[in-house]
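S.K.: Handing over structure_6.txt, compact mmCIF, C-alpha atoms.
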# COMPACT_ATOMS: atom_id res chain seq x y z
CA MET A 182 5.63 11.78 -27.35
CA ALA A 183 3.83 9.99 -24.55
CA GLU A 184 6.78 7.63 -24.11
CA GLY A 185 9.14 10.61 -24.05
CA ALA A 186 6.98 12.34 -21.42
CA GLY A 187 6.86 9.11 -19.39
CA GLY A 188 10.63 8.75 -19.65
CA ALA A 189 11.12 12.35 -18.58
CA ALA A 190 8.82 11.81 -15.59
CA ALA A 191 10.73 8.67 -14.62
CA ASN A 192 14.05 10.51 -14.87
CA GLY A 193 12.56 13.36 -12.83
CA GLY A 194 11.46 10.89 -10.15
CA SER A 195 14.87 9.26 -10.01
CA ASP A 196 16.59 12.64 -9.86
CA GLU A 197 14.34 13.58 -6.96
CA LYS A 198 15.42 10.47 -5.06
CA VAL A 199 19.07 11.23 -5.69
CA LEU A 200 18.54 14.81 -4.57
CA ASP A 201 16.78 13.63 -1.40
CA PHE A 202 19.71 11.35 -0.68
CA LEU A 203 22.27 14.10 -1.26
CA ASP A 204 20.28 16.53 0.89
CA SER A 205 20.11 14.03 3.73
CA VAL A 206 23.85 13.36 3.54
CA ASP A 207 24.53 17.10 3.62
CA SER A 208 22.17 17.56 6.58
CA TYR A 209 23.82 14.69 8.44
CA LEU A 210 27.29 16.12 7.92
CA THR A 211 26.16 19.61 8.94
CA THR A 212 24.45 18.29 12.07
CA MET A 213 27.46 16.24 13.14
CA GLU A 214 29.73 19.24 12.58
CA SER A 215 27.45 21.36 14.77
CA LEU A 216 27.75 18.82 17.57
CA ALA A 217 31.46 19.35 18.18
CA PRO A 218 31.36 22.90 19.64
CA ILE A 219 28.43 21.98 21.91
CA LEU A 220 30.27 18.96 23.30
CA ARG A 221 33.44 21.02 23.62
CA GLN A 222 31.61 23.56 25.74
CA GLY A 223 30.20 20.76 27.88
CA TRP A 224 33.64 19.21 28.42
CA PHE A 225 35.07 22.60 29.29
CA ASP A 226 32.33 23.28 31.85
CA LEU A 227 32.80 19.81 33.29
CA ALA A 228 36.53 20.40 33.63
CA SER A 229 35.84 23.75 35.34
CA ALA A 230 33.41 22.08 37.73
CA ARG A 231 35.97 19.37 38.48
CA HIS A 232 38.56 22.07 39.17
CA SER A 233 36.31 23.87 41.66
CA MET A 234 34.62 20.88 43.28
CA GLY A 235 37.53 18.46 43.29
CA VAL A 236 38.54 15.57 41.07
CA PHE A 237 36.97 12.88 43.24
CA ARG A 238 33.57 14.57 43.45
CA VAL A 239 33.14 14.85 39.68
CA SER A 240 34.22 11.45 38.45
CA SER A 241 32.77 8.11 37.54
CA ALA A 242 33.20 7.04 41.19
CA SER A 243 30.31 9.35 42.10
CA LEU A 244 27.90 7.83 39.61
CA ASP A 245 24.73 6.33 41.04
CA LEU A 246 24.85 2.56 40.65
CA LYS A 247 21.62 1.91 42.52
CA ASP A 248 18.79 0.79 40.28
CA HIS A 249 17.01 3.75 38.73
CA SER A 250 15.25 4.54 35.46
CA ALA A 251 16.45 7.07 32.92
CA SER A 252 14.81 10.48 33.21
CA THR A 253 15.59 11.26 29.59
CA TYR A 254 14.72 8.70 26.98
CA LEU A 255 13.56 8.39 23.40
CA GLN A 256 10.19 7.72 21.92
CA MET A 257 10.11 6.07 18.55
CA VAL A 258 7.29 7.57 16.53
CA GLY A 259 5.41 5.35 14.15
CA HIS A 260 3.25 2.27 14.17
CA GLU A 261 4.91 -1.07 14.70
CA SER A 262 2.57 -2.70 12.22
CA ASP A 263 3.68 -0.28 9.54
CA ASP A 264 6.64 -1.47 7.49
CA SER A 265 7.94 2.07 7.26
CA PHE A 266 8.55 2.04 11.04
CA VAL A 267 11.08 -0.73 10.63
CA GLY A 268 12.72 0.90 7.60
CA GLN A 269 12.74 4.54 8.76
CA PRO A 270 12.20 4.95 12.49
CA SER A 271 11.74 8.45 13.84
CA PHE A 272 13.06 9.40 17.26
CA SER A 273 11.64 11.94 19.66
CA LEU A 274 13.53 13.05 22.76
CA CYS A 275 11.60 12.95 26.01
CA LYS A 276 13.51 14.93 28.66
CA TRP A 277 13.18 14.82 32.40
CA ALA A 278 10.25 12.44 32.78
CA SER A 279 10.07 11.83 36.53
CA ALA A 280 9.39 8.47 38.09
CA ASP A 281 6.17 9.81 39.65
CA ASN A 282 5.04 11.62 36.54
CA LYS A 283 5.58 9.29 33.62
CA SER A 284 4.67 11.92 31.02
CA CYS A 285 7.48 13.93 29.48
CA CYS A 286 8.24 17.20 31.16
CA SER A 287 9.74 18.62 27.99
CA GLU A 288 9.97 17.25 24.48
CA GLU A 289 12.13 17.93 21.48
CA GLU A 290 9.49 17.04 18.88
CA ILE A 291 5.75 16.61 19.05
CA PRO A 292 4.91 14.76 15.84
CA ASP A 293 1.93 12.80 17.18
CA SER A 294 -1.33 14.53 18.15
CA GLN A 295 -1.53 12.48 21.35
CA LEU A 296 1.67 14.02 22.60
CA ARG A 297 0.17 17.48 22.29
CA HIS A 298 -2.05 16.86 25.29
CA ARG A 299 0.96 17.25 27.56
CA GLY A 300 2.40 20.55 28.65
CA THR A 301 1.98 23.78 26.74
CA SER A 302 -0.39 22.73 23.94
CA ARG A 303 -3.45 23.15 26.19
CA LEU A 304 -3.23 26.90 25.79
CA SER A 305 -4.01 26.76 22.10
CA GLU A 306 -7.00 24.46 22.60
CA ASN A 307 -9.16 26.67 24.86
CA GLN A 308 -8.51 30.32 25.76
CA GLU A 309 -10.77 30.09 28.85
CA GLN A 310 -8.26 27.65 30.33
CA ASN A 311 -5.30 30.06 30.07
CA SER A 312 -4.84 30.22 33.82
CA ASN A 313 -4.90 26.44 34.04
CA GLY A 314 -2.34 26.36 31.21
CA ASP A 315 -0.04 28.73 33.11
CA ASP A 316 -0.32 26.49 36.14
CA SER A 317 0.56 23.44 34.06
CA LEU A 318 3.57 25.30 32.61
CA LYS A 319 4.76 26.13 36.10
CA THR A 320 4.21 22.51 37.14
CA VAL A 321 6.22 21.29 34.16
CA ASP A 322 9.02 23.77 34.94
CA ASP A 323 9.04 22.72 38.58
CA LEU A 324 9.23 19.06 37.62
CA VAL A 325 12.09 19.74 35.21
CA LYS A 326 13.98 21.68 37.89
CA LYS A 327 13.36 18.92 40.38
CA GLU A 328 14.63 16.23 38.03
CA ARG A 329 17.70 18.29 37.11
CA ALA A 330 18.49 18.88 40.79
CA LYS A 331 18.02 15.18 41.51
CA THR A 332 20.58 14.29 38.84
CA LEU A 333 23.03 16.90 40.11
CA SER A 334 22.64 15.70 43.70
CA VAL A 335 24.68 12.60 42.80
CA PHE A 336 27.72 14.87 42.92
CA GLY A 337 26.82 16.40 46.28
CA THR A 338 24.43 18.88 47.84
CA LEU A 339 26.30 21.99 46.72
CA VAL A 340 27.51 21.87 43.14
CA SER A 341 29.40 24.33 41.05
CA PRO A 342 27.41 26.50 38.62
CA LYS A 343 29.71 25.15 35.93
CA LEU A 344 28.25 21.71 36.51
CA ARG A 345 24.78 23.12 35.82
CA THR A 346 25.95 24.74 32.60
CA ALA A 347 27.64 21.47 31.62
CA GLN A 348 24.29 19.75 32.18
CA LEU A 349 22.58 22.23 29.86
CA SER A 350 25.31 21.80 27.24
CA PHE A 351 24.90 18.04 27.20
CA GLU A 352 21.12 18.38 27.05
CA THR A 353 21.58 20.51 23.93
CA ALA A 354 24.00 17.92 22.56
CA LEU A 355 21.32 15.26 23.10
CA GLU A 356 18.83 17.26 21.06
CA VAL A 357 21.34 17.57 18.22
CA LEU A 358 22.07 13.84 18.40
CA VAL A 359 18.37 12.94 18.19
CA GLU A 360 18.13 15.18 15.13
CA ALA A 361 21.18 13.39 13.69
CA ALA A 362 19.56 10.01 14.37
CA ASN A 363 16.44 11.07 12.45
CA ILE A 364 18.51 12.40 9.55
CA ARG A 365 20.52 9.16 9.57
CA SER A 366 17.40 7.05 9.23
CA SER A 367 16.08 9.21 6.37
CA MET A 368 19.50 9.06 4.70
CA LEU A 369 19.57 5.27 4.88
CA SER A 370 16.03 5.13 3.52
CA ALA A 371 16.94 7.43 0.61
CA TYR A 372 20.10 5.41 0.00
CA SER A 373 18.16 2.15 -0.22
CA GLN A 374 15.74 3.74 -2.71
CA VAL A 375 18.57 5.05 -4.89
CA GLN A 376 20.36 1.70 -4.72
CA LYS A 377 17.20 -0.15 -5.74
CA GLN A 378 16.69 2.26 -8.59
CA MET A 379 20.25 1.70 -9.80
CA GLU A 380 19.78 -2.06 -9.67
CA ASP A 381 16.53 -1.75 -11.64
CA THR A 382 18.33 0.42 -14.20
CA ARG A 383 21.14 -2.14 -14.57
CA GLU A 384 18.64 -4.99 -14.96
CA GLY A 385 16.82 -2.95 -17.59
CA GLU A 386 20.08 -2.32 -19.47
CA ILE A 387 21.05 -5.99 -19.44
CA GLY A 388 17.47 -6.79 -20.48
CA PRO A 389 16.51 -9.62 -22.86
CA ILE A 390 19.51 -11.09 -24.68
CA PRO A 391 18.90 -11.09 -28.44
CA MET B 196 19.57 -33.27 43.03
CA CYS B 197 17.27 -34.22 45.83
CA PHE B 198 14.78 -36.97 46.21
CA MET B 199 11.42 -36.37 47.77
CA ASN B 200 8.33 -38.28 48.58
CA THR B 201 4.90 -37.14 47.57
CA THR B 202 4.53 -34.96 50.66
CA ASN B 203 7.70 -32.91 49.78
CA GLN B 204 9.71 -34.20 52.69
CA ILE B 205 13.36 -35.14 52.80
CA ASP B 206 14.36 -36.69 56.06
CA ASN B 207 12.79 -34.32 58.52
CA PHE B 208 12.84 -31.15 56.35
CA ASP B 209 9.66 -29.65 54.93
CA PHE B 210 10.09 -27.74 51.68
CA PRO B 211 7.40 -25.24 50.78
CA PRO B 212 6.05 -26.21 47.37
CA GLU B 213 6.39 -22.62 46.06
CA ASN B 214 10.17 -22.88 46.54
CA LEU B 215 10.43 -26.04 44.49
CA ARG B 216 10.87 -26.16 40.72
CA LEU B 217 11.02 -29.24 38.56
CA LYS B 218 13.44 -28.96 35.65
CA GLY B 219 13.66 -32.09 33.57
CA PHE B 220 14.19 -34.93 35.97
CA SER B 221 15.67 -32.76 38.72
CA LEU B 222 13.88 -31.01 41.50
CA TYR B 223 15.44 -27.75 42.64
CA TYR B 224 14.94 -25.75 45.80
CA TYR B 225 15.15 -21.93 45.54
CA SER B 226 15.59 -19.69 48.54
CA GLN B 227 13.00 -17.05 49.34
CA ARG B 228 15.46 -14.25 48.59
CA TYR B 229 16.14 -15.67 45.10
CA LEU B 230 12.41 -15.84 44.39
CA GLU B 231 11.92 -12.24 45.50
CA VAL B 232 14.67 -10.96 43.23
CA GLU B 233 13.32 -13.03 40.33
CA LEU B 234 9.83 -11.59 40.83
CA ALA B 235 11.17 -8.06 40.99
CA LEU B 236 13.06 -8.63 37.73
CA GLU B 237 9.95 -10.02 36.06
CA LEU B 238 7.96 -6.98 37.13
CA GLN B 239 10.66 -4.69 35.85
CA MET B 240 10.79 -6.52 32.52
CA ALA B 241 7.00 -6.33 32.32
CA GLY B 242 7.28 -2.59 32.79
CA ARG B 243 9.94 -2.46 30.11
CA ALA B 244 7.73 -4.51 27.78
CA GLN B 245 4.99 -1.95 28.33
CA ILE B 246 7.44 0.77 27.53
CA ALA B 247 8.50 -1.13 24.41
CA THR B 248 4.86 -1.29 23.31
CA LYS B 249 4.69 2.48 23.62
CA SER B 250 8.00 2.67 21.67
CA SER B 251 10.01 4.31 24.43
CA ALA B 252 13.64 3.38 24.64
CA LEU B 253 16.96 4.27 26.17
CA ILE B 254 20.12 5.90 24.86
CA ALA B 255 23.22 3.78 25.38
CA MET B 256 26.78 5.16 25.49
CA ILE B 257 30.24 3.74 24.91
CA ALA B 258 32.63 6.62 25.48
CA ASP B 259 35.26 8.16 27.73
CA GLU B 260 34.52 9.19 31.31
CA ASP B 261 33.84 12.87 30.65
CA THR B 262 31.46 12.20 27.78
CA VAL B 263 29.53 9.57 29.71
CA THR B 264 29.42 11.75 32.83
CA GLY B 265 28.11 14.66 30.79
CA PHE B 266 25.31 12.65 29.21
CA LEU B 267 24.45 11.13 32.58
CA LEU B 268 24.02 14.70 33.83
CA ALA B 269 21.42 15.06 31.09
CA GLY B 270 19.50 12.18 32.66
CA VAL B 271 20.05 9.30 30.26
CA GLY B 272 21.56 6.93 32.82
CA ASN B 273 19.62 3.76 33.57
CA VAL B 274 20.52 0.98 36.01
CA ASP B 275 18.33 -2.11 36.37
CA LEU B 276 17.98 -4.46 39.31
CA ARG B 277 20.84 -6.59 38.06
CA ARG B 278 23.08 -3.50 38.18
CA LYS B 279 23.29 -3.52 34.39
CA THR B 280 23.83 -0.04 33.02
CA ASN B 281 23.16 1.47 29.63
CA TYR B 282 26.70 2.84 29.38
CA LEU B 283 30.31 1.71 29.29
CA ILE B 284 33.11 4.02 30.34
CA VAL B 285 36.19 3.37 28.20
CA ASP B 286 39.60 4.13 29.68
CA SER B 287 43.14 2.91 29.18
CA LYS B 288 42.39 -0.35 31.02
CA THR B 289 39.30 -1.24 28.99
CA THR B 290 39.94 -4.18 26.72
CA VAL B 291 38.76 -4.45 23.13
CA LYS B 292 36.81 -7.56 24.13
CA ALA B 293 34.90 -5.58 26.76
CA ILE B 294 34.04 -2.93 24.19
CA GLU B 295 32.91 -5.59 21.71
CA ASP B 296 30.75 -7.27 24.34
CA ALA B 297 29.17 -3.98 25.33
CA PHE B 298 28.47 -3.08 21.69
CA LYS B 299 26.90 -6.47 21.04
CA GLU B 300 24.83 -6.22 24.20
CA PHE B 301 23.54 -2.72 23.47
CA THR B 302 22.70 -3.51 19.86
CA THR B 303 20.69 -6.58 20.84
CA ARG B 304 18.75 -5.07 23.75
CA GLU B 305 15.17 -4.24 22.84
CA ASP B 306 14.96 -1.26 25.17
CA ILE B 307 17.77 0.71 23.49
CA ALA B 308 17.04 2.94 20.48
CA VAL B 309 20.31 4.82 19.98
CA VAL B 310 23.90 3.87 20.79
CA LEU B 311 26.35 6.74 21.12
CA ILE B 312 29.93 5.62 20.62
CA SER B 313 33.05 7.77 20.53
CA GLN B 314 34.60 7.51 17.10
CA TYR B 315 38.04 6.55 18.45
CA VAL B 316 36.36 3.69 20.38
CA ALA B 317 34.43 2.69 17.25
CA ASN B 318 37.76 2.51 15.40
CA MET B 319 38.88 -0.16 17.88
CA ILE B 320 35.94 -2.35 16.86
CA ARG B 321 35.58 -0.99 13.32
CA PHE B 322 34.81 -4.35 11.75
CA LEU B 323 31.95 -4.94 14.17
CA VAL B 324 30.53 -1.43 13.75
CA ASP B 325 30.74 -1.52 9.95
CA SER B 326 29.05 -4.90 9.78
CA TYR B 327 26.08 -3.61 11.80
CA ASN B 328 23.27 -2.62 9.45
CA LYS B 329 20.01 -2.57 11.44
CA PRO B 330 17.94 0.62 11.58
CA VAL B 331 17.36 0.28 15.35
CA PRO B 332 19.25 0.89 17.51
CA ALA B 333 20.88 3.68 15.52
CA ILE B 334 24.65 3.89 15.94
CA LEU B 335 25.98 7.44 16.15
CA GLU B 336 29.73 8.02 16.19
CA ILE B 337 30.52 11.12 18.21
CA PRO B 338 33.73 13.07 18.70
CA SER B 339 35.76 12.92 21.88
CA LYS B 340 38.01 15.48 23.54
CA ASP B 341 41.19 14.28 21.88
CA HIS B 342 39.73 12.86 18.66
CA PRO B 343 37.58 15.12 16.47
CA TYR B 344 34.83 13.69 14.29
CA ASP B 345 36.10 12.37 10.96
CA PRO B 346 33.37 11.77 8.36
CA ALA B 347 35.71 9.47 6.43
CA HIS B 348 35.56 6.91 9.26
CA ASP B 349 31.83 7.16 9.97
CA SER B 350 30.28 3.73 9.31
CA VAL B 351 27.05 5.13 7.87
CA LEU B 352 28.86 7.45 5.47
CA SER B 353 31.27 4.65 4.52
CA ARG B 354 28.29 2.54 3.57
CA VAL B 355 26.81 5.16 1.26
CA LYS B 356 29.96 6.82 -0.09
CA TYR B 357 30.41 4.40 -2.95
CA LEU B 358 27.44 6.08 -4.60
CA PHE B 359 29.63 9.16 -5.00
CA SER B 360 32.35 7.37 -6.95
CA ALA B 361 32.48 8.39 -10.64
CA GLU B 362 32.43 4.80 -11.85
CA SER B 363 29.21 3.82 -10.07
CA VAL B 364 27.41 7.05 -10.99
CA ALA B 365 28.48 6.87 -14.62
CA SER B 366 27.40 3.26 -15.00
CA GLY B 367 24.03 4.04 -13.46
CA ARG B 368 23.37 7.00 -15.71
CA ARG B 369 24.33 5.42 -19.01
Take the structure in the file and give it back as structure tokens.
M.R.:
Amino acid sequence: MAEGAGGAAANGGSDEKVLDFLDSVDSYLTTMESLAPILRQGWFDLASARHSMGVFRVSSASLDLKDHSASTYLQMVGHESDDSFVGQPSFSLCKWASADNKSCCSEEEIPDSQLRHRGTSRLSENQEQNSNGDDSLKTVDDLVKKERAKTLSVFGTLVSPKLRTAQLSFETALEVLVEAANIRSSMLSAYSQVQKQMEDTREGEIGPIP
Amino acid sequence: MCFMNTTNQIDNFDFPPENLRLKGFSLYYYSQRYLEVELALELQMAGRAQIATKSSALIAMIADEDTVTGFLLAGVGNVDLRRKTNYLIVDSKTTVKAIEDAFKEFTTREDIAVVLISQYVANMIRFLVDSYNKPVPAILEIPSKDHPYDPAHDSVLSRVKYLFSAESVASGRR
């Protein structure tokens, strides 16, 4: 009976891994399918902006080739000393971090407690600092607007509203892509676990030769 | 190659010692401008190393002009002092070799966490993309205007799809 219960538990554990893998594959496919309409909207807005502003203003010729750092980048969450970081990295999008203010102006995920000290999380910590929190929100919004305007200024002082909506569309696409990257890493982790389990099962079946 | 006495003089020229570098058996003179650029690059790399310690990294792109322009609008563009960018715009004149070189460069750079590549571009270097199996940087195949996303060609899904075949599942469950 004990062996049967142990066998059932082992089968349950293996089924759970397979289910995790299947869920991650389904999530990955769903996320990638949701990306297409967002990108399509961005391309459409970009084409509209090009139509109103002119082909030469909205083209790769206008891109800034002077040395500058990315305003939007990724933060990989996890500890480098931990093996799980190498096997299953987790990505967090950090949007519109200015050169003067190295902290993120807006973030997609806040998995680490240290990241909560930036931006809006101060409001929940101390109600007496609500006014200071509002000021910090306004500061963050101002910084985001400033960084967005700085990026748009590459295409000229006056830009079409369609270019701004294209910018928002591609920002949304970035968020979806970061989510897809996280699902991808969990899918590969689940896949490696299932594969290992299958190899262990095969080795157990071959077993000792009588 | 130049030959100098112990007081760093050749003929009647005085070479500042900070501009001289000994490599093997050869003594080289570097101009002040070269040294300034080299120092600036070292400082930039030191900053990048600090960023790497904090696990911050860039998003690289290999895609058509509209896709790259759109993501650059979102602020992911990065250009270093050597004018090296984190993106490659693929058009009709871009060679397969250039795409391969860009893919290899982006997947070996330590400051890049995700590489976005249009799926039709990935199909041009399919062997290279499918043989890549590191967790970081993550390779994401994205659709383009004229080529919708096809899960059947996605390298990650191709790697795991054999688990869905009846033969492999049946043999594992027996």
S.K.: With all atoms listed in the file counted and 6 Å as the cut-off, give the residues of chain B in contact with chain A, each with its shortest interatomic distance in Å and the pair that gives it, as JSON lines.
M.R.:
{"residue": "B:Ser250", "atom": "CA", "partner": "A:Met257", "partner_atom": "CA", "distance": 5.1}
{"residue": "B:Ser251", "atom": "CA", "partner": "A:Gln256", "partner_atom": "CA", "distance": 4.2}
{"residue": "B:Ala252", "atom": "CA", "partner": "A:Leu255", "partner_atom": "CA", "distance": 5.2}
{"residue": "B:Leu253", "atom": "CA", "partner": "A:Tyr254", "partner_atom": "CA", "distance": 5.0}
{"residue": "B:Gly265", "atom": "CA", "partner": "A:Phe351", "partner_atom": "CA", "distance": 5.9}
{"residue": "B:Phe266", "atom": "CA", "partner": "A:Phe351", "partner_atom": "CA", "distance": 5.8}
{"residue": "B:Leu268", "atom": "CA", "partner": "A:Gln348", "partner_atom": "CA", "distance": 5.3}
{"residue": "B:Ala269", "atom": "CA", "partner": "A:Glu352", "partner_atom": "CA", "distance": 5.2}
{"residue": "B:Gly270", "atom": "CA", "partner": "A:Ser252", "partner_atom": "CA", "distance": 5.0}
{"residue": "B:Val271", "atom": "CA", "partner": "A:Thr253", "partner_atom": "CA", "distance": 4.9}
{"residue": "B:Gly272", "atom": "CA", "partner": "A:Ala251", "partner_atom": "CA", "distance": 5.1}
{"residue": "B:Asn273", "atom": "CA", "partner": "A:Ala251", "partner_atom": "CA", "distance": 4.6}
{"residue": "B:Val274", "atom": "CA", "partner": "A:Asp248", "partner_atom": "CA", "distance": 4.6}
{"residue": "B:Asp275", "atom": "CA", "partner": "A:Asp248", "partner_atom": "CA", "distance": 4.9}
{"residue": "B:Leu276", "atom": "CA", "partner": "A:Asp248", "partner_atom": "CA", "distance": 5.4}
{"residue": "B:Gly367", "atom": "CA", "partner": "A:Met379", "partner_atom": "CA", "distance": 5.8}
S.K.: Just checking: using only C-alpha atoms, which residue out of A:Thr211, A:Phe237, A:Glu197, A:Asp204 ends up closest to Tyr344 of chain B?
M.R.: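 Nearest to Tyr344 of chain B: A:Thr211.
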S.K.: For atom CA of Arg278 of chain B and atom CA of Arg321 of chain B, quote the distance in Å rounded to one decimal.
M.R.: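 Atom CA of Arg321 of chain B lies at a distance of 27.9 Å from atom CA of Arg278 of chain B.
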S.K.: What gap, in Å, lies between atom CA of Glu360 of chain A and atom CA of Thr303 of chain B?
M.R.: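 Those two atoms sit 22.6 Å apart.
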S.K.: Give me, please, the distance in Å between atom CA of Lys288 of chain B and atom CA of Pro343 of chain B, quoted to one decimal.
M.R.: 21.8 Å
S.K.: Would you pick out the contacts of Ile334 of chain B at 12 Å or less, using all atoms listed in the file, so that residues sharing its chain but fewer than 2 positions from it are not included, and give the list as number ranges by chain?
M.R.: A: 358-359, 361-363, 365-366; B: 254-257, 298-299, 301-302, 307-314, 317, 323-332, 336-337, 349-352
S.K.: Measuring atom to atom with all atoms listed in the file, identify which of B:Ile294, B:Pro338, B:Tyr229, B:Glu300 is nearest to Ser215 of chain A.
M.R.: B:Pro338
S.K.: Closest to Arg304 of chain B among B:Asp259, B:Ala235, B:Ser226, B:Lys279, using all atoms listed in the file?
M.R.: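 The closest residue to Arg304 of chain B is B:Lys279.
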S.K.: Would you list the residues near (31.9, 22.6, 42.4) (no more than 8 Å away, in the coordinates of the file, using all atoms listed in the file) as a PyMOL selection string?
M.R.: chain A and resi 230-235+339-344
S.K.: Got a sec: who's within 6 Å of Glu260 of chain B, counting only C-alpha atoms, leaving out chain neighbours fewer than 3 positions off, as a PyMOL selection string?
M.R.: chain B and resi 263-264+284
S.K.: Where atoms are absent from segment 365-372 of chain A, fill them in so it carries all heavy atoms, then output it as a PDB file, in the coordinates of the input.
M.R.:
ATOM      1  N   ARG A 365      19.868  10.412   9.942  1.00  0.00           N
ATOM      2  CA  ARG A 365      20.520   9.160   9.570  1.00  0.00           C
ATOM      3  C   ARG A 365      19.534   8.160   9.019  1.00  0.00           C
ATOM      4  O   ARG A 365      19.764   7.513   7.998  1.00  0.00           O
ATOM      5  CB  ARG A 365      21.236   8.583  10.794  1.00  0.00           C
ATOM      6  CG  ARG A 365      21.866   7.200  10.585  1.00  0.00           C
ATOM      7  CD  ARG A 365      22.357   6.668  11.918  1.00  0.00           C
ATOM      8  NE  ARG A 365      22.958   5.352  11.797  1.00  0.00           N
ATOM      9  CZ  ARG A 365      22.286   4.209  11.838  1.00  0.00           C
ATOM     10  NH1 ARG A 365      20.979   4.219  11.990  1.00  0.00           N
ATOM     11  NH2 ARG A 365      22.912   3.046  11.720  1.00  0.00           N
ATOM     12  N   SER A 366      18.376   8.030   9.694  1.00  0.00           N
ATOM     13  CA  SER A 366      17.400   7.050   9.230  1.00  0.00           C
ATOM     14  C   SER A 366      16.813   7.467   7.886  1.00  0.00           C
ATOM     15  O   SER A 366      16.592   6.619   7.010  1.00  0.00           O
ATOM     16  CB  SER A 366      16.298   6.829  10.268  1.00  0.00           C
ATOM     17  OG  SER A 366      15.549   7.995  10.451  1.00  0.00           O
ATOM     18  N   SER A 367      16.597   8.782   7.679  1.00  0.00           N
ATOM     19  CA  SER A 367      16.080   9.210   6.370  1.00  0.00           C
ATOM     20  C   SER A 367      17.152   9.044   5.303  1.00  0.00           C
ATOM     21  O   SER A 367      16.837   8.729   4.139  1.00  0.00           O
ATOM     22  CB  SER A 367      15.573  10.651   6.436  1.00  0.00           C
ATOM     23  OG  SER A 367      16.616  11.530   6.722  1.00  0.00           O
ATOM     24  N   MET A 368      18.418   9.240   5.670  1.00  0.00           N
ATOM     25  CA  MET A 368      19.500   9.060   4.700  1.00  0.00           C
ATOM     26  C   MET A 368      19.598   7.602   4.264  1.00  0.00           C
ATOM     27  O   MET A 368      19.749   7.299   3.073  1.00  0.00           O
ATOM     28  CB  MET A 368      20.826   9.498   5.342  1.00  0.00           C
ATOM     29  CG  MET A 368      22.053   9.308   4.451  1.00  0.00           C
ATOM     30  SD  MET A 368      23.530  10.020   5.154  1.00  0.00           S
ATOM     31  CE  MET A 368      23.782   9.041   6.595  1.00  0.00           C
ATOM     32  N   LEU A 369      19.497   6.688   5.222  1.00  0.00           N
ATOM     33  CA  LEU A 369      19.570   5.270   4.880  1.00  0.00           C
ATOM     34  C   LEU A 369      18.366   4.857   4.039  1.00  0.00           C
ATOM     35  O   LEU A 369      18.487   4.019   3.129  1.00  0.00           O
ATOM     36  CB  LEU A 369      19.657   4.421   6.156  1.00  0.00           C
ATOM     37  CG  LEU A 369      20.989   4.521   6.904  1.00  0.00           C
ATOM     38  CD1 LEU A 369      20.918   3.769   8.233  1.00  0.00           C
ATOM     39  CD2 LEU A 369      22.145   3.996   6.067  1.00  0.00           C
ATOM     40  N   SER A 370      17.208   5.433   4.325  1.00  0.00           N
ATOM     41  CA  SER A 370      16.030   5.130   3.520  1.00  0.00           C
ATOM     42  C   SER A 370      16.207   5.627   2.100  1.00  0.00           C
ATOM     43  O   SER A 370      15.914   4.908   1.128  1.00  0.00           O
ATOM     44  CB  SER A 370      14.804   5.772   4.187  1.00  0.00           C
ATOM     45  OG  SER A 370      13.677   5.663   3.373  1.00  0.00           O
ATOM     46  N   ALA A 371      16.713   6.872   1.951  1.00  0.00           N
ATOM     47  CA  ALA A 371      16.940   7.430   0.610  1.00  0.00           C
ATOM     48  C   ALA A 371      18.000   6.631  -0.124  1.00  0.00           C
ATOM     49  O   ALA A 371      17.886   6.374  -1.334  1.00  0.00           O
ATOM     50  CB  ALA A 371      17.355   8.902   0.720  1.00  0.00           C
ATOM     51  N   TYR A 372      19.026   6.197   0.604  1.00  0.00           N
ATOM     52  CA  TYR A 372      20.100   5.410   0.000  1.00  0.00           C
ATOM     53  C   TYR A 372      19.571   4.081  -0.541  1.00  0.00           C
ATOM     54  O   TYR A 372      19.918   3.660  -1.651  1.00  0.00           O
ATOM     55  CB  TYR A 372      21.180   5.156   1.053  1.00  0.00           C
ATOM     56  CG  TYR A 372      22.174   4.079   0.704  1.00  0.00           C
ATOM     57  CD1 TYR A 372      23.139   4.272  -0.264  1.00  0.00           C
ATOM     58  CD2 TYR A 372      22.126   2.848   1.361  1.00  0.00           C
ATOM     59  CE1 TYR A 372      24.042   3.268  -0.577  1.00  0.00           C
ATOM     60  CE2 TYR A 372      23.026   1.843   1.054  1.00  0.00           C
ATOM     61  CZ  TYR A 372      23.981   2.057   0.086  1.00  0.00           C
ATOM     62  OH  TYR A 372      24.862   1.065  -0.227  1.00  0.00           O
TER      63      TYR A 372
END
